[in-house]
Each structure stands twice: as structure tokens, then as C-alpha cells.
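Shown below: target_3.cif, with mmCIF, C-alpha atoms.
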```
data_start
loop_
_atom_site.label_atom_id
_atom_site.label_comp_id
_atom_site.auth_asym_id
_atom_site.auth_seq_id
_atom_site.Cartn_x
_atom_site.Cartn_y
_atom_site.Cartn_z
CA MET A 1 -29.86 33.83 -26.09
CA THR A 2 -32.92 32.69 -28.10
CA LYS A 3 -35.86 30.99 -26.40
CA LYS A 4 -35.11 27.77 -28.30
CA LEU A 5 -31.45 27.77 -27.24
CA LEU A 6 -32.41 28.54 -23.64
CA ALA A 7 -34.91 25.70 -23.64
CA ASN A 8 -32.32 23.28 -25.03
CA THR A 9 -29.78 24.38 -22.40
CA LEU A 10 -32.25 23.88 -19.56
CA CYS A 11 -33.16 20.48 -20.95
CA CYS A 12 -29.51 19.41 -20.97
CA LEU A 13 -29.05 20.60 -17.39
CA LEU A 14 -32.10 18.64 -16.26
CA LEU A 15 -30.78 15.52 -17.94
CA LEU A 16 -27.41 15.92 -16.23
CA THR A 17 -28.85 16.59 -12.77
CA PRO A 18 -29.48 12.91 -11.87
CA LEU A 19 -25.92 12.01 -12.88
CA ILE A 20 -24.45 14.80 -10.77
CA SER A 21 -26.57 13.97 -7.72
CA HIS A 22 -25.57 10.32 -7.90
CA ALA A 23 -21.85 10.95 -8.30
CA GLU A 24 -19.77 8.57 -6.24
CA MET A 25 -16.25 7.28 -5.85
CA LEU A 26 -15.96 4.07 -3.89
CA ALA A 27 -13.09 2.72 -1.82
CA MET A 28 -12.84 -0.34 0.39
CA VAL A 29 -11.39 -0.04 3.87
CA ASN A 30 -10.68 -2.95 6.19
CA TYR A 31 -11.19 -2.26 9.87
CA ASP A 32 -11.34 -3.71 13.36
CA SER A 33 -12.79 -2.52 16.65
CA LYS A 34 -10.83 -0.64 19.29
CA ALA A 35 -8.97 -2.65 21.92
CA GLY A 36 -11.21 -3.71 24.77
CA GLN A 37 -14.45 -3.58 22.82
CA THR A 38 -16.56 -6.73 22.98
CA PRO A 39 -17.51 -8.49 20.92
CA ARG A 40 -14.48 -7.84 18.69
CA ARG A 41 -15.46 -6.83 15.18
CA GLU A 42 -13.65 -6.96 11.83
CA GLY A 43 -14.79 -6.28 8.30
CA VAL A 44 -14.41 -4.50 4.98
CA ALA A 45 -16.41 -1.30 4.57
CA ILE A 46 -17.05 0.19 1.14
CA LEU A 47 -17.14 3.97 1.51
CA ASP A 48 -18.10 6.78 -0.83
CA VAL A 49 -15.02 9.03 -0.70
CA ASP A 50 -16.07 11.58 -3.33
CA PRO A 51 -16.12 14.98 -1.59
CA ASN A 52 -18.74 16.13 -4.12
CA SER A 53 -21.10 13.24 -3.50
CA PRO A 54 -24.21 13.59 -1.29
CA GLN A 55 -23.17 10.25 0.22
CA PHE A 56 -19.64 11.43 1.02
CA GLY A 57 -18.20 9.42 3.89
CA LYS A 58 -21.09 6.98 4.08
CA ILE A 59 -20.73 3.19 4.17
CA VAL A 60 -22.57 1.74 1.17
CA SER A 61 -21.68 -1.89 1.90
CA ASP A 62 -20.10 -3.82 4.77
CA LEU A 63 -18.49 -7.27 4.49
CA PRO A 64 -17.81 -9.14 7.74
CA LEU A 65 -14.50 -10.83 8.52
CA PRO A 66 -13.70 -13.31 11.30
CA PRO A 67 -13.02 -11.38 14.53
CA ASP A 68 -9.57 -12.99 14.83
CA ALA A 69 -8.38 -12.45 11.24
CA ILE A 70 -6.47 -9.22 11.97
CA SER A 71 -6.79 -8.24 8.31
CA HIS A 72 -3.95 -6.13 6.98
CA HIS A 73 -3.48 -5.16 3.31
CA PHE A 74 -5.39 -5.19 0.00
CA PHE A 75 -3.87 -6.11 -3.36
CA TYR A 76 -5.39 -6.46 -6.84
CA ASN A 77 -4.32 -8.97 -9.44
CA LYS A 78 -3.35 -7.53 -12.82
CA ASP A 79 -6.81 -7.44 -14.39
CA LEU A 80 -8.50 -6.20 -11.17
CA SER A 81 -10.75 -9.24 -11.12
CA LYS A 82 -9.60 -10.32 -7.64
CA ALA A 83 -8.82 -8.41 -4.47
CA TYR A 84 -6.58 -10.24 -2.01
CA ILE A 85 -6.57 -9.51 1.72
CA THR A 86 -3.50 -10.40 3.77
CA ALA A 87 -3.84 -10.97 7.51
CA LEU A 88 -1.70 -11.06 10.62
CA GLY A 89 -3.92 -13.54 12.46
CA ASN A 90 -6.28 -16.38 11.55
CA GLY A 91 -6.06 -17.28 7.86
CA PRO A 92 -3.19 -15.55 6.05
CA LEU A 93 -4.91 -14.89 2.71
CA ARG A 94 -8.44 -14.18 1.53
CA VAL A 95 -9.81 -13.19 -1.87
CA ILE A 96 -12.81 -11.25 -3.19
CA ASN A 97 -14.15 -11.89 -6.70
CA MET A 98 -14.53 -8.27 -7.87
CA LYS A 99 -16.59 -9.30 -10.91
CA HIS A 100 -19.40 -10.82 -8.85
CA THR A 101 -21.76 -8.82 -6.67
CA PRO A 102 -22.69 -8.87 -3.93
CA TYR A 103 -19.05 -9.27 -2.92
CA ALA A 104 -18.09 -12.31 -0.85
CA ILE A 105 -14.81 -13.08 0.91
CA GLU A 106 -13.24 -16.53 0.44
CA LEU A 107 -10.43 -17.99 2.57
CA LEU A 108 -7.46 -19.44 0.66
CA ASP A 109 -5.35 -22.35 1.88
CA VAL A 110 -1.74 -21.24 2.40
CA PRO A 111 -0.49 -23.45 5.26
CA GLU A 112 3.16 -22.46 4.81
CA CYS A 113 2.42 -18.80 5.54
CA LYS A 114 2.12 -17.10 8.90
CA VAL A 115 1.53 -13.34 9.31
CA SER A 116 1.07 -12.44 5.64
CA GLU A 117 2.08 -8.98 4.49
CA ASP A 118 2.58 -7.85 0.88
CA MET A 119 1.95 -9.26 -2.60
CA ALA A 120 3.26 -8.80 -6.14
CA PHE A 121 1.87 -10.11 -9.44
CA THR A 122 3.42 -11.01 -12.79
CA ALA A 123 2.27 -9.17 -15.91
CA ASP A 124 1.16 -12.42 -17.60
CA LYS A 125 -1.43 -12.89 -14.80
CA LYS A 126 -0.05 -16.34 -13.99
CA THR A 127 1.84 -15.88 -10.72
CA TRP A 128 1.66 -14.07 -7.39
CA TYR A 129 4.23 -13.67 -4.63
CA LEU A 130 3.32 -13.30 -0.95
CA THR A 131 5.63 -12.31 1.93
CA CYS A 132 5.10 -14.11 5.23
CA MET A 133 6.67 -12.23 8.13
CA GLY A 134 5.84 -14.86 10.75
CA SER A 135 7.24 -17.85 8.85
CA SER A 136 10.13 -15.93 7.21
CA ASN A 137 9.45 -17.05 3.67
CA VAL A 138 7.94 -15.95 0.37
CA ILE A 139 5.10 -17.98 -1.13
CA VAL A 140 4.78 -18.31 -4.91
CA GLY A 141 1.21 -18.94 -6.00
CA ASP A 142 -0.71 -19.70 -9.18
CA ALA A 143 -2.70 -16.54 -9.90
CA GLN A 144 -5.42 -18.50 -11.72
CA THR A 145 -6.05 -21.29 -9.20
CA ASP A 146 -4.55 -19.57 -6.11
CA LYS A 147 -2.68 -22.78 -5.27
CA VAL A 148 0.84 -22.67 -3.80
CA LYS A 149 3.54 -23.45 -6.37
CA GLN A 150 6.75 -22.79 -4.42
CA VAL A 151 8.05 -21.71 -1.03
CA ILE A 152 11.14 -19.48 -1.06
CA ALA A 153 12.99 -19.62 2.25
CA ALA A 154 16.45 -18.92 3.70
CA ASP A 155 19.39 -20.07 1.59
CA GLY A 156 22.80 -20.40 3.22
CA LYS A 157 24.69 -18.18 5.64
CA ASP A 158 25.13 -15.11 3.47
CA THR A 159 21.68 -14.89 1.94
CA PHE A 160 18.56 -15.00 4.07
CA ILE A 161 14.99 -13.84 4.40
CA ARG A 162 14.06 -12.76 7.92
CA TYR A 163 10.69 -11.23 8.79
CA PRO A 164 9.94 -10.41 5.12
CA HIS A 165 7.46 -7.57 4.68
CA GLY A 166 7.73 -5.39 1.57
CA ILE A 167 8.10 -6.96 -1.86
CA GLY A 168 8.82 -5.40 -5.23
CA LEU A 169 8.84 -7.26 -8.56
CA GLN A 170 10.72 -6.01 -11.62
CA GLU A 171 10.27 -8.49 -14.44
CA ASP A 172 12.47 -6.59 -16.93
CA VAL A 173 15.51 -7.58 -14.86
CA ASN A 174 13.97 -10.80 -13.44
CA ARG A 175 14.33 -9.66 -9.85
CA ILE A 176 12.29 -9.59 -6.65
CA MET A 177 13.28 -7.35 -3.73
CA VAL A 178 12.13 -8.27 -0.21
CA THR A 179 12.61 -6.23 2.95
CA SER A 180 13.60 -7.62 6.36
CA THR A 181 11.48 -5.66 8.82
CA VAL A 182 10.55 -6.68 12.38
CA ARG A 183 9.50 -9.66 14.47
CA PRO A 184 5.71 -9.63 14.10
CA SER A 185 4.92 -10.60 17.68
CA ASP A 186 6.33 -7.43 19.25
CA LEU A 187 7.97 -5.35 16.46
CA GLY A 188 11.35 -6.25 17.96
CA ASP A 189 14.55 -7.72 16.50
CA ALA A 190 14.40 -5.21 13.65
CA GLY A 191 16.17 -6.14 10.44
CA GLU A 192 18.43 -3.95 8.33
CA THR A 193 18.56 -5.63 4.92
CA VAL A 194 16.77 -6.27 1.67
CA THR A 195 17.06 -9.61 -0.09
CA VAL A 196 17.29 -9.89 -3.88
CA ILE A 197 15.73 -12.98 -5.48
CA GLU A 198 15.71 -14.25 -9.06
CA ALA A 199 12.03 -14.02 -9.94
CA THR A 200 11.65 -16.95 -12.34
CA SER A 201 13.57 -19.50 -10.27
CA GLY A 202 13.05 -18.25 -6.72
CA LYS A 203 16.79 -18.45 -6.10
CA VAL A 204 17.98 -16.15 -3.30
CA LEU A 205 20.85 -14.13 -4.78
CA SER A 206 22.06 -11.57 -2.24
CA THR A 207 21.32 -9.39 0.79
CA HIS A 208 22.11 -5.70 1.19
CA LYS A 209 22.37 -3.67 4.36
CA LEU A 210 20.35 -0.43 4.40
CA SER A 211 21.98 1.59 7.15
CA ASP A 212 25.18 3.53 7.69
CA LYS A 213 25.18 2.59 11.38
CA PRO A 214 27.01 -0.41 12.88
CA SER A 215 25.12 -3.69 12.86
CA PRO A 216 22.64 -4.47 14.19
CA SER A 217 21.32 -1.05 13.19
CA GLY A 218 17.64 -1.97 13.43
CA SER A 219 16.81 0.29 10.48
CA ALA A 220 13.81 -1.93 9.58
CA PRO A 221 13.36 -1.58 5.80
CA VAL A 222 9.60 -1.81 5.35
CA GLU A 223 8.46 -1.19 1.75
CA ALA A 224 10.30 -1.72 -1.56
CA VAL A 225 8.46 -0.32 -4.58
CA PHE A 226 9.77 -0.17 -8.15
CA VAL A 227 9.16 2.93 -10.24
CA PRO A 228 7.03 1.76 -13.19
CA HIS A 229 8.85 1.86 -16.55
CA ALA A 230 12.05 3.30 -15.06
CA ASN A 231 15.16 2.76 -17.20
CA PRO A 232 17.37 1.55 -15.67
CA ALA A 233 15.16 -0.29 -13.20
CA MET A 234 14.91 1.50 -9.87
CA ALA A 235 13.10 1.05 -6.56
CA TYR A 236 12.54 3.17 -3.48
CA VAL A 237 12.88 1.58 -0.05
CA ALA A 238 11.76 3.15 3.24
CA THR A 239 13.55 2.28 6.50
CA MET A 240 10.85 2.45 9.14
CA PHE A 241 12.92 2.87 12.32
CA GLU A 242 15.89 4.78 10.91
CA GLY A 243 13.54 7.14 9.08
CA LYS A 244 15.21 7.29 5.68
CA LEU A 245 14.37 6.81 2.03
CA TRP A 246 16.76 4.78 -0.12
CA THR A 247 17.08 4.10 -3.83
CA ALA A 248 18.03 0.79 -5.42
CA THR A 249 19.28 1.40 -8.96
CA TRP A 250 19.97 -1.45 -11.39
CA GLN A 251 23.57 -1.64 -12.60
CA VAL A 252 23.26 -3.04 -16.10
CA ASN A 253 26.90 -4.16 -16.41
CA HIS A 254 26.93 -5.93 -13.03
CA HIS A 255 23.36 -7.29 -12.96
CA SER A 256 22.92 -6.00 -9.43
CA PHE A 257 21.44 -3.08 -7.52
CA ASP A 258 23.28 -0.11 -6.05
CA PHE A 259 21.67 1.12 -2.81
CA GLN A 260 21.93 4.75 -1.69
CA PRO A 261 20.21 6.81 1.04
CA VAL A 262 18.53 9.81 -0.58
CA TYR A 263 16.36 11.46 2.07
CA ASP A 264 16.28 11.66 5.87
CA PHE A 265 12.83 12.39 7.33
CA ALA A 266 14.49 13.76 10.46
CA ASN A 267 15.00 16.89 8.33
CA THR A 268 11.26 17.57 8.67
CA LYS A 269 10.97 16.19 12.22
CA GLN A 270 9.07 13.14 11.01
CA GLY A 271 9.47 9.48 11.83
CA VAL A 272 8.27 6.03 10.79
CA PRO A 273 8.12 6.35 6.98
CA LEU A 274 5.86 3.62 5.64
CA GLU A 275 4.17 3.52 2.24
CA ILE A 276 5.45 4.58 -1.19
CA TYR A 277 3.27 5.70 -4.13
CA PHE A 278 3.56 7.48 -7.49
CA ASN A 279 1.29 9.61 -9.64
CA GLN A 280 0.21 8.34 -13.05
CA ALA A 281 2.98 10.26 -14.83
CA HIS A 282 5.55 8.78 -12.40
CA ASP A 283 7.16 12.17 -11.83
CA ARG A 284 5.82 12.58 -8.28
CA LEU A 285 6.63 10.37 -5.31
CA TYR A 286 4.40 10.16 -2.24
CA VAL A 287 5.64 8.79 1.10
CA THR A 288 3.61 8.57 4.30
CA THR A 289 5.10 9.03 7.76
CA ALA A 290 3.16 7.74 10.77
CA ASN A 291 4.69 9.94 13.45
CA PRO A 292 3.29 12.57 13.76
CA GLY A 293 1.45 11.85 10.49
CA ALA A 294 2.06 13.39 7.06
CA LEU A 295 1.94 12.88 3.31
CA ASN A 296 5.26 13.87 1.75
CA ILE A 297 5.31 14.88 -1.92
CA PHE A 298 8.58 14.66 -3.85
CA ASP A 299 9.60 15.74 -7.34
CA ILE A 300 11.20 12.76 -9.11
CA SER A 301 11.10 14.12 -12.66
CA GLY A 302 14.21 13.83 -14.81
CA GLU A 303 17.43 13.49 -12.85
CA SER A 304 15.50 13.97 -9.60
CA VAL A 305 14.41 10.34 -9.78
CA THR A 306 17.62 9.32 -8.01
CA LYS A 307 17.69 12.42 -5.78
CA PRO A 308 14.08 13.20 -4.85
CA ILE A 309 13.30 16.84 -4.06
CA LEU A 310 10.74 17.41 -1.31
CA ILE A 311 7.97 19.69 -2.57
CA LYS A 312 5.79 19.71 0.52
CA SER A 313 4.91 17.77 3.67
CA ILE A 314 1.19 17.94 4.34
CA PRO A 315 0.07 17.11 7.91
CA THR A 316 -2.63 14.45 8.07
CA ALA A 317 -3.28 12.74 11.44
CA ALA A 318 -1.37 10.36 13.67
CA GLY A 319 -0.54 7.09 11.93
CA ALA A 320 -0.57 8.17 8.25
CA HIS A 321 -0.23 4.89 6.41
CA HIS A 322 -1.93 3.88 3.14
CA VAL A 323 -3.03 6.24 0.35
CA VAL A 324 -5.32 6.16 -2.67
CA PHE A 325 -5.92 8.83 -5.30
CA SER A 326 -8.90 10.03 -7.27
CA PRO A 327 -8.58 9.12 -10.99
CA ASP A 328 -8.15 12.80 -11.90
CA GLU A 329 -5.45 13.08 -9.21
CA LYS A 330 -7.22 16.01 -7.61
CA TYR A 331 -7.49 14.26 -4.26
CA ALA A 332 -5.43 11.93 -2.09
CA PHE A 333 -7.07 9.91 0.68
CA VAL A 334 -4.76 9.01 3.55
CA GLU A 335 -5.69 6.27 6.02
CA ASN A 336 -4.42 7.22 9.48
CA ASN A 337 -3.73 4.14 11.57
CA PHE A 338 -0.58 2.06 11.92
CA LEU A 339 -1.24 -1.28 13.62
CA ASN A 340 -3.37 0.38 16.33
CA LEU A 341 -0.14 1.60 17.96
CA PRO A 342 -0.43 4.37 20.58
CA LYS A 343 -0.05 7.89 19.12
CA MET A 344 -0.24 6.39 15.61
CA ASP A 345 -3.87 5.26 15.59
CA ASN A 346 -6.04 8.30 14.86
CA GLY A 347 -8.51 6.24 12.84
CA SER A 348 -9.57 8.92 10.34
CA ILE A 349 -9.09 9.23 6.58
CA THR A 350 -7.61 12.59 5.58
CA VAL A 351 -8.72 14.06 2.25
CA ILE A 352 -5.97 16.15 0.65
CA ASP A 353 -6.48 18.59 -2.22
CA LEU A 354 -3.44 17.85 -4.38
CA LYS A 355 -3.92 20.94 -6.53
CA LYS A 356 -3.81 23.28 -3.55
CA MET A 357 -1.51 20.90 -1.62
CA GLU A 358 -3.50 21.23 1.57
CA ARG A 359 -5.85 19.27 3.78
CA LYS A 360 -9.45 19.56 2.59
CA THR A 361 -11.46 17.51 5.08
CA SER A 362 -11.57 14.25 7.00
CA ILE A 363 -13.68 11.11 6.79
CA ASP A 364 -14.38 10.11 10.40
CA THR A 365 -17.09 7.52 9.72
CA LEU A 366 -15.23 4.49 11.07
CA LYS A 367 -13.54 6.49 13.82
CA ASN A 368 -16.89 7.70 15.13
CA MET A 369 -18.12 4.09 15.20
CA GLY A 370 -15.22 3.02 17.41
CA LEU A 371 -13.49 1.25 14.49
CA LYS A 372 -9.91 1.49 13.23
CA PRO A 373 -9.05 1.38 9.49
CA HIS A 374 -6.00 -0.57 8.31
CA ASP A 375 -5.86 -0.11 4.54
CA ILE A 376 -7.73 1.73 1.81
CA TYR A 377 -8.08 0.68 -1.84
CA MET A 378 -10.16 2.17 -4.63
CA LEU A 379 -12.71 -0.13 -6.22
CA PRO A 380 -11.73 -1.14 -9.80
CA PRO A 381 -13.57 1.68 -11.67
CA TRP A 382 -11.48 4.25 -9.79
CA HIS A 383 -8.21 2.34 -9.31
CA THR A 384 -5.15 3.83 -11.08
CA ASP A 385 -2.15 2.55 -9.07
CA ASP A 386 0.23 0.62 -11.37
CA ALA A 387 3.10 0.24 -8.89
CA HIS A 388 1.55 -2.17 -6.37
#
```

Would you mind writing the file's structure down as C-alpha cells?
Amino acid sequence: MTKKLLANTLCCLLLLTPLISHAEMLAMVNYDSKAGQTPRREGVAILDVDPNSPQFGKIVSDLPLPPDAISHHFFYNKDLSKAYITALGNGPLRVINMKHTPYAIELLDVPECKVSEDMAFTADKKTWYLTCMGSSNVIVGDAQTDKVKQVIAADGKDTFIRYPHGIGLQEDVNRIMVTSTVRPSDLGDAGETVTVIEATSGKVLSTHKLSDKPSPSGSAPVEAVFVPHANPAMAYVATMFEGKLWTATWQVNHHSFDFQPVYDFANTKQGVPLEIYFNQAHDRLYVTTANPGALNIFDISGESVTKPILIKSIPTAAGAHHVVFSPDEKYAFVENNFLNLPKMDNGSITVIDLKKMERKTSIDTLKNMGLKPHDIYMLPPWHTDDAH
């Protein structure tokens, strides 16, 4: 190597050094304090989750929430300009303007909603849908003004929405799928159905039982997530208490869904399946189980999309719940806490190396502060999830 070339190489390395040392990957995590702690504390912490960053695991910003909000889930609108926070307690819906810093949290007026859960957004950026488990309805909102446009509630004896939790929107077939989960006050009176709604009108079309057991089975369908760009349209549904994964496949000739159980988590001695995610190629399916805590990776390429093949179950910690991924899909970050329930409330964030398919490390920042995480979402520059 000539002296000139060596000098140029060293110069390039020196120029890159500041960029490398300031590498970061930011995620927001909502949290509350452990039971019994006073005063009660809630907030949204922005953490550096990049394992290669010198600030790995550190809180770079902290946004307070009312101590009685009982914040629950995050959701982005389609252009990632707003982050919505659902809540089980005071004030069902809040929003953060992601284009304005420092971030501030604003309370939205949704009087018809109690115990808000999940959201879905239309591709034209005009409408959002919000499930309300405490008031047993679905709110339709204007995604520009955040004003309520419609309330979808029970309709007749044969079609109903009870304790709605998960919601999936598939605009190609003009359908919404809503799960009937549990009574929010005590997780009792578990449902066993999903309700299908016509998206544009809000008309409740049908209900479908997701259990092979006699009614009331209490299977508690919890999440319904459509596979992006699937043809025909198809969703996965997890039954929280029965511990199974189901598919809902669109029948083109009948304009309805066919529901089939495709995996039983009892096969791997796991229970309480919760969240459903996909990789960017949509040929891998990820499902968390809270008891004892794992991230399950399935092959759904080709014909396996209707019959998922388990590749590996990776132990995390008790209460494995929400997941985010690094943009290069090298890492998965699993939030380990399910509603602060005993034996499912570890409070850590497990970092999984997806290339090696093994646990790499753990982020215990909030746990060590006596705080419990409830959801994790990448900030817009690192967000890649197109299914939620």
C-alpha cells in the first residue's frame, strides 16, 4: 500500500468515526410503575435499542402521562406523522405529532369509547378504526381531524361485537375483522368469535366461532392481522386462552372468510399467544407467547402461508408481548410484560439475533427502575412494519 493510499484510507476512517460512535436506533416504550409504588408513574420512554451504540439501553427522552391513563398500545398513521396511544383507563386515545420536536402528547375526545385497544388505518390516510373493549364498539374516526365519524356497535341477534380487541383491515375485499376477547375488568367472560364488518359502510356482516370445543369455549381470540399483499386475502388470528393460531382465508366466490386452526402452541408447551408480526418479505411469521415467554418463528413462504411451519421457538422472558425489528432485520426486540399479570410481567426487553436465531442480550433499563413496559414501537426512521 502506498503512503498516499494509506493516508487517504486513514482519513476516511477518521471521518467515519464520529458517525459510528453516534450510531443509534430509537424506540418508544410506554410504561407504568409496579403495583404498590407511590406516587404512581406513567410515561413514554424513548430508548436507544441499537446493540452497537454506546448509548445502548439508555433513555434519551421521557414523556410523562397521567398516572391513571393505563396506556396500552402504539399505532402509527399511514405516513408516520402521528403516533396514537390507546389506554385502558383515563382518556381512551392520545396522539403524538411525530413531525414536531420536542414530542408532546395530546388527549383526543372519544366519549363513546371505553378501554381502547387496537387501531387500523385506511391507505388513503382519511380514516382510522378503534376497538373499544369496555364499550363493546368500534369507533370510526377522521384521520385528518381525529374527530369521530361513526360508532359501529352490535347489530341483531346473530351478529355482535363483544369485548372487541384485535382489528384487521383489508381494503381489497372491503372487510374489517374484529376479535371478541375478554371482559376488561377481570379478563373473564372470554369470547370465542371474530366479527366481520363491511369497511366502507360499517355494516356488521357475520360472526365466526374460533374453537372446536363446545360453547362457551372461552378461546378468547385476541389479535387478527392480515398478511400484506396476500392473494387471496388472508389473516392470522391468535386465540389467547385456547392457545392456537388460526387462518382466515378469503373465498372469492362466496365473498366470505374460511377459518381454520393451523397451529397449537401446546405442542411446544407454550400458552397465551398474543401478537402477530411479519418480516418485510412476508415469508416469515412471528408470534409471541406470554407463558412462559417466547418468540416463535414460522415459515409462511409459498404454500406454507396457510399451513405455517415452525422454524424455532426462542425463549425470551415471562410475558413476551410486543415486538419490533431493526430495519436490516438482524435483531428483534421483544417487550416482556402482559398487563402486569403475575408470572407474565418480567419487565425486560429481550434482544434476539435473528441471523443466529438466539437471544443476544436484554435491556433491563425500565425493569431496574421499578417500571413495567407495555408496548414498544420504533421511531419513524427505523419503522418497517406494514401490517399494523

Selection dump of the PyMOL selection byres ((chain A and resi 194-205) around 9), as an MDAnalysis selection string: chainID A and resid 140 150:155 159:161 164 169:171 173:181 191:193 206:210 221 224 237 256:257

Within 6 Å of (-3.4, 12.5, 8.4), all atoms listed in the file: residues as a PyMOL selection string? chain A and resi 293-294+315-317+320+336+350

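Minimum atom-to-atom distances from A:Ile311, A:Ala387, A:Ala332, A:Ala266 to Phe278 of chain A were compared using all atoms listed in the file, and the lowest value belongs to A:Ala387.
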
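The smallest atom-to-atom distance between Ile363 of chain A and any of A:Ala104, A:Leu341, A:Ala235, A:Ile349, using only C-alpha atoms, is found for A:Ile349.
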
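Close contacts of Tyr331 of chain A, defined as residues with an atom at most 8 Å away when counting only C-alpha atoms, with chain neighbours fewer than 4 positions off set aside, comprise Phe325, Ser326, Val351, Ile352, Asp353, Leu354 and Lys355 of chain A.
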
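Rounded to one decimal, atom CA of Leu366 of chain A and atom CA of Asn346 of chain A lie 10.6 Å from each other.
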
What residues come out when you apply the PyMOL selection byres ((chain A and resi 280) around 8) to this file, written as an mmCIF file with C-alpha atoms, keeping the file's coordinate frame?
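New file out.cif:
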```
data_model
loop_
_atom_site.group_PDB
_atom_site.id
_atom_site.type_symbol
_atom_site.label_atom_id
_atom_site.label_comp_id
_atom_site.auth_asym_id
_atom_site.auth_seq_id
_atom_site.Cartn_x
_atom_site.Cartn_y
_atom_site.Cartn_z
ATOM 1 C CA PHE A 278 3.560 7.480 -7.490
ATOM 2 C CA ASN A 279 1.290 9.610 -9.640
ATOM 3 C CA ALA A 281 2.980 10.260 -14.830
ATOM 4 C CA HIS A 282 5.550 8.780 -12.400
ATOM 5 C CA THR A 384 -5.150 3.830 -11.080
ATOM 6 C CA ASP A 385 -2.150 2.550 -9.070
ATOM 7 C CA ASP A 386 0.230 0.620 -11.370
#
```

Restore N, CA and C atoms in segment 370-385 of chain A and list the result as a PDB file, in the frame of the given file.
```pdb
ATOM      1  N   GLY A 370     -16.120   3.782  16.550  1.00  0.00           N
ATOM      2  CA  GLY A 370     -15.220   3.020  17.410  1.00  0.00           C
ATOM      3  C   GLY A 370     -14.429   1.975  16.660  1.00  0.00           C
ATOM      4  N   LEU A 371     -14.210   2.196  15.338  1.00  0.00           N
ATOM      5  CA  LEU A 371     -13.490   1.250  14.490  1.00  0.00           C
ATOM      6  C   LEU A 371     -12.200   1.871  13.976  1.00  0.00           C
ATOM      7  N   LYS A 372     -11.215   1.022  13.702  1.00  0.00           N
ATOM      8  CA  LYS A 372      -9.910   1.490  13.230  1.00  0.00           C
ATOM      9  C   LYS A 372      -9.647   0.960  11.817  1.00  0.00           C
ATOM     10  N   PRO A 373      -9.376   1.843  10.840  1.00  0.00           N
ATOM     11  CA  PRO A 373      -9.050   1.380   9.490  1.00  0.00           C
ATOM     12  C   PRO A 373      -7.613   0.867   9.425  1.00  0.00           C
ATOM     13  N   HIS A 374      -7.359  -0.033   8.471  1.00  0.00           N
ATOM     14  CA  HIS A 374      -6.000  -0.570   8.310  1.00  0.00           C
ATOM     15  C   HIS A 374      -5.455  -0.408   6.901  1.00  0.00           C
ATOM     16  N   ASP A 375      -6.300  -0.336   5.916  1.00  0.00           N
ATOM     17  CA  ASP A 375      -5.860  -0.110   4.540  1.00  0.00           C
ATOM     18  C   ASP A 375      -7.009   0.515   3.787  1.00  0.00           C
ATOM     19  N   ILE A 376      -6.700   1.134   2.673  1.00  0.00           N
ATOM     20  CA  ILE A 376      -7.730   1.730   1.810  1.00  0.00           C
ATOM     21  C   ILE A 376      -7.338   1.446   0.367  1.00  0.00           C
ATOM     22  N   TYR A 377      -8.325   1.020  -0.437  1.00  0.00           N
ATOM     23  CA  TYR A 377      -8.080   0.680  -1.840  1.00  0.00           C
ATOM     24  C   TYR A 377      -9.293   1.125  -2.648  1.00  0.00           C
ATOM     25  N   MET A 378      -9.062   1.797  -3.752  1.00  0.00           N
ATOM     26  CA  MET A 378     -10.160   2.170  -4.630  1.00  0.00           C
ATOM     27  C   MET A 378     -10.764   0.932  -5.276  1.00  0.00           C
ATOM     28  N   LEU A 379     -12.089   0.922  -5.449  1.00  0.00           N
ATOM     29  CA  LEU A 379     -12.710  -0.130  -6.220  1.00  0.00           C
ATOM     30  C   LEU A 379     -12.247  -0.022  -7.684  1.00  0.00           C
ATOM     31  N   PRO A 380     -12.308  -1.127  -8.448  1.00  0.00           N
ATOM     32  CA  PRO A 380     -11.730  -1.140  -9.800  1.00  0.00           C
ATOM     33  C   PRO A 380     -12.061   0.040 -10.707  1.00  0.00           C
ATOM     34  N   PRO A 381     -13.312   0.559 -10.748  1.00  0.00           N
ATOM     35  CA  PRO A 381     -13.570   1.680 -11.670  1.00  0.00           C
ATOM     36  C   PRO A 381     -12.759   2.934 -11.381  1.00  0.00           C
ATOM     37  N   TRP A 382     -12.223   3.048 -10.168  1.00  0.00           N
ATOM     38  CA  TRP A 382     -11.480   4.250  -9.790  1.00  0.00           C
ATOM     39  C   TRP A 382     -10.014   3.973  -9.464  1.00  0.00           C
ATOM     40  N   HIS A 383      -9.587   2.734  -9.667  1.00  0.00           N
ATOM     41  CA  HIS A 383      -8.210   2.340  -9.310  1.00  0.00           C
ATOM     42  C   HIS A 383      -7.240   2.722 -10.431  1.00  0.00           C
ATOM     43  N   THR A 384      -6.141   3.402 -10.075  1.00  0.00           N
ATOM     44  CA  THR A 384      -5.150   3.830 -11.080  1.00  0.00           C
ATOM     45  C   THR A 384      -3.726   3.448 -10.710  1.00  0.00           C
ATOM     46  N   ASP A 385      -3.504   2.856  -9.547  1.00  0.00           N
ATOM     47  CA  ASP A 385      -2.150   2.550  -9.070  1.00  0.00           C
ATOM     48  C   ASP A 385      -1.546   1.403  -9.879  1.00  0.00           C
TER      49      ASP A 385
END
```
